[in-house]
Amino acid sequence: MTSAASTSVSSPSFTRTHIKSGDNVLLRLPSGDYRNLKVHDQPGRITLGKFGSFQQKELIGHPYGLSYEIIPDGKIRVREPETMTELEDTSATNELISDGNFVQPLTYEEIETLKKTPGVHSSEIIKMQINQNANYELKSEYSKEKYKKRKEAKFFQGFSILEPNMFNICEYWFFKDPQRIRGIRADSLGQMMSFANIHPGARVLVVDDTGGLLVSAVLERLGGEGRLLTITDSESPPTYHVVEQLNLDTEQTSKIMTYLNWAEIDEKWAPVETYEPGENRSNSAKVRSEKRHARAEELRKRREEFWAGEWDALVVASEYEPFSIIERVEPYLAGSGSIVVHSPYLQTLTDVHQKLRAEPQFLGPAVTEAWLRQYQVLPGRTHPMMNMSGSGGYILSAMKVYDDATANSEWIARTAQRKARKQRNAEKNSSSTPVPQDGGGSPSGVANRHTVPSLGTDSAPEATTANPGSAEVADEAMDSD
């Protein structure tokens, strides 16, 4: 029997190494800001403000991960990667430096004129500022390097192309609008995917109020194999703008992704039947009725797929109360199914944690906080960054188990079998006492043959276990010893 869970898509389209027409790309500017834009193989310029502009078709065919500098006539060229060199510290210090208007003879108007002059590259403007700076030679080697970096961040005309993976996309949204993704940092998102055990072939339920950040992360982890069902609060198909940034094939993602709203997952709710067959109706009315009937039939299949259960994980980042979501969806999770909830507020998850501990079907509920510290890694200058985010939110994780009062633990079953085996061996040893033989030349009272009991042919007494198969394997292993 073929089910939606076995739907698979070729994974190569989920990973792209070069830019194609129609792709969304992330650009990192020298200032550290990000730009998200769509590239087309058509005439048109991409303007980056003071960092220059270039023809958008220049990006087509270029690989991700490289840095480029903008040259005249709207062209771009690959920038040579910088190597980390050990700075040789000198006796120069910063104590004799005095700031003032005379330090930099180049004025703002002169710099703007140079930027508009044809044939003058941004790197030449930076060199002019360094050469004419009166305090540059008084600086220490570390201060000189910082000065050059500041000028490049302000005047260099170039950019870096980032691969549209979930780490870069999450970083982009976290620095641009953290409220939109409910404060989920890149390391928190990775922990959520690990706690939920998202892997190719998994069947996952997602409640996403982050614009599609969770849906995108799950799709990337599935790699085109498995099933993803999102639960929304709208009747129309959900729009996840973050998914578009991954450059996934819409036709392929639709094969593994579907949706339902909260009313549709309720088994007591019934949609209004609008199909009215009849021969006396007009052709247009029949067509509309058949379309409504087809939508109703497709909805029925999606609901039955959800009710069939055996979902591997539930991942939640929603504005609604988390425990109410877990109560609604938990009956449809499989045994050992993972439950992962993210919230920017600790108190919200501690309340859910206490409720889950009181329920026997939830195993090991825990609340964690992701901790991240970014470092500057340079020879002789490795240290934590001065500005870092305070928190990436809190994560609640738990596992669903079946609450069976009649099941015993495997340790109890093995103990019962071990005792039964010892008692059986003792009874056989007592019944196999040697009996003297009268003839055959053997001395009286000495047996010339002993009967050895066969332990491997006897079966152990039945015991109630949670996993009888593993107990039988352990029994055979003990008999072989």
# chains A, B, ... in the order shown; residues from 1 in each chain; ligands from 1
>>> residues_around(residues="Tyr332 in chain A", least_positions_apart="3", cutoff="10 Å", atoms="only C-alpha atoms", output="NGL selection string")
:A and (205 or 306-314 or 328-329 or 335 or 337)
>>> write_last_selection(atoms="N, CA and C atoms", output="compact mmCIF listing (two decimals), in the first residue's frame")
# COMPACT_ATOMS: atom_id res chain seq x y z
N LEU A 205 4.90 17.27 11.99
CA LEU A 205 3.85 18.25 12.16
C LEU A 205 4.49 19.56 12.63
N PHE A 306 -3.86 12.88 8.34
CA PHE A 306 -3.52 13.39 9.67
C PHE A 306 -4.05 12.46 10.76
N TRP A 307 -5.28 12.02 10.62
CA TRP A 307 -5.89 11.15 11.65
C TRP A 307 -5.23 9.78 11.69
N ALA A 308 -4.59 9.36 10.61
CA ALA A 308 -3.92 8.06 10.62
C ALA A 308 -2.79 8.02 11.66
N GLY A 309 -2.30 9.18 12.05
CA GLY A 309 -1.31 9.25 13.13
C GLY A 309 0.07 8.79 12.71
N GLU A 310 0.83 8.32 13.73
CA GLU A 310 2.20 7.85 13.52
C GLU A 310 3.11 8.95 12.98
N TRP A 311 2.89 10.20 13.44
CA TRP A 311 3.79 11.28 13.07
C TRP A 311 5.01 11.25 13.99
N ASP A 312 6.16 11.54 13.43
CA ASP A 312 7.41 11.37 14.16
C ASP A 312 7.75 12.54 15.08
N ALA A 313 7.25 13.73 14.77
CA ALA A 313 7.66 14.90 15.57
C ALA A 313 6.62 16.00 15.45
N LEU A 314 6.58 16.82 16.49
CA LEU A 314 5.77 18.05 16.51
C LEU A 314 6.69 19.20 16.86
N ARG A 328 -4.02 19.00 21.60
CA ARG A 328 -4.78 18.71 20.39
C ARG A 328 -4.06 17.73 19.48
N VAL A 329 -2.73 17.80 19.43
CA VAL A 329 -1.97 17.05 18.42
C VAL A 329 -1.36 15.77 18.98
N GLY A 335 4.74 6.53 18.89
CA GLY A 335 5.53 6.24 20.07
C GLY A 335 6.96 6.71 19.89
N GLY A 337 7.72 9.71 19.67
CA GLY A 337 7.66 10.94 18.89
C GLY A 337 8.18 12.12 19.69
>>> select_by_dssp(residues="range 18-147 of chain A", states="alpha helix (DSSP H)", output="number ranges by chain")
A: 108-116, 122-131, 141-147
>>> select_by_dssp(residues="range 123-236 of chain A", states="strand (DSSP E)", output="count of residues only")
17
>>> residues_around(residues="Pro271 in chain A", least_positions_apart="2", cutoff="12 Å", atoms="only C-alpha atoms", output="PyMOL selection string")
chain A and resi 235+263-269+273-275+292-293+295-297+299-300+303
>>> closest_residue(among="A:Met388, A:Leu162, A:Val215, A:Leu106", to="Asn131 in chain A", atoms="only C-alpha atoms")
A:Leu106
>>> residues_around(residues="Phe54 in chain A", least_positions_apart="4", cutoff="6 Å", atoms="only C-alpha atoms", output="list in words")
Arg45, Ile46, Gly74 and Lys75 of chain A
>>> closest_residue(among="A:Gly65, A:Pro322, A:Pro384, A:Pro344", to="Pro164 in chain A", atoms="only C-alpha atoms")
A:Gly65
>>> residues_around(residues="Gly392 in chain A", least_positions_apart="2", cutoff="8 Å", atoms="only C-alpha atoms", output="PyMOL selection string")
chain A and resi 183-185+187-188+344+369-371+389-390+394
>>> closest_residue(among="A:Trp262, A:Pro360, A:Gln179, A:Val204", to="Ser343 in chain A", atoms="only C-alpha atoms")
A:Gln179
>>> closest_residue(among="A:Glu137, A:Val120, A:Val315, A:Thr415", to="Leu189 in chain A", atoms="only C-alpha atoms")
A:Val315
>>> closest_residue(among="A:Asp249, A:Ser160, A:Gly61, A:Ser53", to="Asp73 in chain A", atoms="only C-alpha atoms")
A:Ser53
>>> decode(residues="range 162-226 of chain A", atoms="C-alpha atoms", output="PDB file, in the first residue's frame")
ATOM      1  CA  LEU A 162      25.985  34.006   0.789  1.00  0.00           C
ATOM      2  CA  GLU A 163      24.602  30.553   0.155  1.00  0.00           C
ATOM      3  CA  PRO A 164      20.827  30.538   0.842  1.00  0.00           C
ATOM      4  CA  ASN A 165      20.913  27.916   3.584  1.00  0.00           C
ATOM      5  CA  MET A 166      19.005  28.029   6.849  1.00  0.00           C
ATOM      6  CA  PHE A 167      21.915  29.380   8.891  1.00  0.00           C
ATOM      7  CA  ASN A 168      22.372  32.443   6.670  1.00  0.00           C
ATOM      8  CA  ILE A 169      18.635  33.013   6.243  1.00  0.00           C
ATOM      9  CA  CYS A 170      18.041  32.818   9.998  1.00  0.00           C
ATOM     10  CA  GLU A 171      20.932  35.218  10.611  1.00  0.00           C
ATOM     11  CA  TYR A 172      19.452  37.616   8.056  1.00  0.00           C
ATOM     12  CA  TRP A 173      16.018  37.695   9.711  1.00  0.00           C
ATOM     13  CA  PHE A 174      17.387  37.709  13.261  1.00  0.00           C
ATOM     14  CA  PHE A 175      19.306  40.928  12.641  1.00  0.00           C
ATOM     15  CA  LYS A 176      16.671  42.510  10.401  1.00  0.00           C
ATOM     16  CA  ASP A 177      13.435  41.760  12.292  1.00  0.00           C
ATOM     17  CA  PRO A 178      13.782  39.332  15.251  1.00  0.00           C
ATOM     18  CA  GLN A 179      10.136  39.774  16.285  1.00  0.00           C
ATOM     19  CA  ARG A 180       8.999  38.424  12.939  1.00  0.00           C
ATOM     20  CA  ILE A 181      10.663  35.085  13.637  1.00  0.00           C
ATOM     21  CA  ARG A 182       9.846  35.195  17.378  1.00  0.00           C
ATOM     22  CA  GLY A 183      13.493  35.697  18.345  1.00  0.00           C
ATOM     23  CA  ILE A 184      14.749  32.342  17.018  1.00  0.00           C
ATOM     24  CA  ARG A 185      18.512  32.528  16.605  1.00  0.00           C
ATOM     25  CA  ALA A 186      20.421  30.259  14.224  1.00  0.00           C
ATOM     26  CA  ASP A 187      21.840  28.086  17.011  1.00  0.00           C
ATOM     27  CA  SER A 188      18.387  27.778  18.620  1.00  0.00           C
ATOM     28  CA  LEU A 189      16.920  26.668  15.298  1.00  0.00           C
ATOM     29  CA  GLY A 190      19.616  24.005  14.948  1.00  0.00           C
ATOM     30  CA  GLN A 191      18.899  22.694  18.436  1.00  0.00           C
ATOM     31  CA  MET A 192      15.189  22.494  17.661  1.00  0.00           C
ATOM     32  CA  MET A 193      15.858  20.385  14.571  1.00  0.00           C
ATOM     33  CA  SER A 194      18.156  18.097  16.597  1.00  0.00           C
ATOM     34  CA  PHE A 195      15.684  17.697  19.471  1.00  0.00           C
ATOM     35  CA  ALA A 196      12.933  16.859  16.961  1.00  0.00           C
ATOM     36  CA  ASN A 197      15.225  14.371  15.142  1.00  0.00           C
ATOM     37  CA  ILE A 198      14.311  15.714  11.707  1.00  0.00           C
ATOM     38  CA  HIS A 199      15.851  13.493   9.036  1.00  0.00           C
ATOM     39  CA  PRO A 200      15.070  12.366   5.471  1.00  0.00           C
ATOM     40  CA  GLY A 201      11.929  10.254   5.481  1.00  0.00           C
ATOM     41  CA  ALA A 202      10.484  11.674   8.720  1.00  0.00           C
ATOM     42  CA  ARG A 203       6.818  12.652   9.078  1.00  0.00           C
ATOM     43  CA  VAL A 204       6.617  16.003  10.833  1.00  0.00           C
ATOM     44  CA  LEU A 205       3.849  18.251  12.158  1.00  0.00           C
ATOM     45  CA  VAL A 206       4.686  21.973  12.326  1.00  0.00           C
ATOM     46  CA  VAL A 207       2.855  24.912  13.887  1.00  0.00           C
ATOM     47  CA  ASP A 208       4.706  27.917  12.453  1.00  0.00           C
ATOM     48  CA  ASP A 209       3.994  31.563  13.233  1.00  0.00           C
ATOM     49  CA  THR A 210       7.448  32.747  12.135  1.00  0.00           C
ATOM     50  CA  GLY A 211       6.717  33.365   8.470  1.00  0.00           C
ATOM     51  CA  GLY A 212       7.973  29.932   7.462  1.00  0.00           C
ATOM     52  CA  LEU A 213      11.295  29.739   9.308  1.00  0.00           C
ATOM     53  CA  LEU A 214      10.458  26.371  10.909  1.00  0.00           C
ATOM     54  CA  VAL A 215       8.888  25.052   7.714  1.00  0.00           C
ATOM     55  CA  SER A 216      12.017  26.001   5.759  1.00  0.00           C
ATOM     56  CA  ALA A 217      14.317  24.332   8.295  1.00  0.00           C
ATOM     57  CA  VAL A 218      12.266  21.116   8.233  1.00  0.00           C
ATOM     58  CA  LEU A 219      12.203  21.079   4.419  1.00  0.00           C
ATOM     59  CA  GLU A 220      15.963  21.492   4.307  1.00  0.00           C
ATOM     60  CA  ARG A 221      16.464  18.630   6.783  1.00  0.00           C
ATOM     61  CA  LEU A 222      14.028  16.319   4.960  1.00  0.00           C
ATOM     62  CA  GLY A 223      15.993  16.751   1.732  1.00  0.00           C
ATOM     63  CA  GLY A 224      12.996  15.904  -0.441  1.00  0.00           C
ATOM     64  CA  GLU A 225      11.989  12.695   1.386  1.00  0.00           C
ATOM     65  CA  GLY A 226       9.255  12.393   3.992  1.00  0.00           C
TER      66      GLY A 226
END
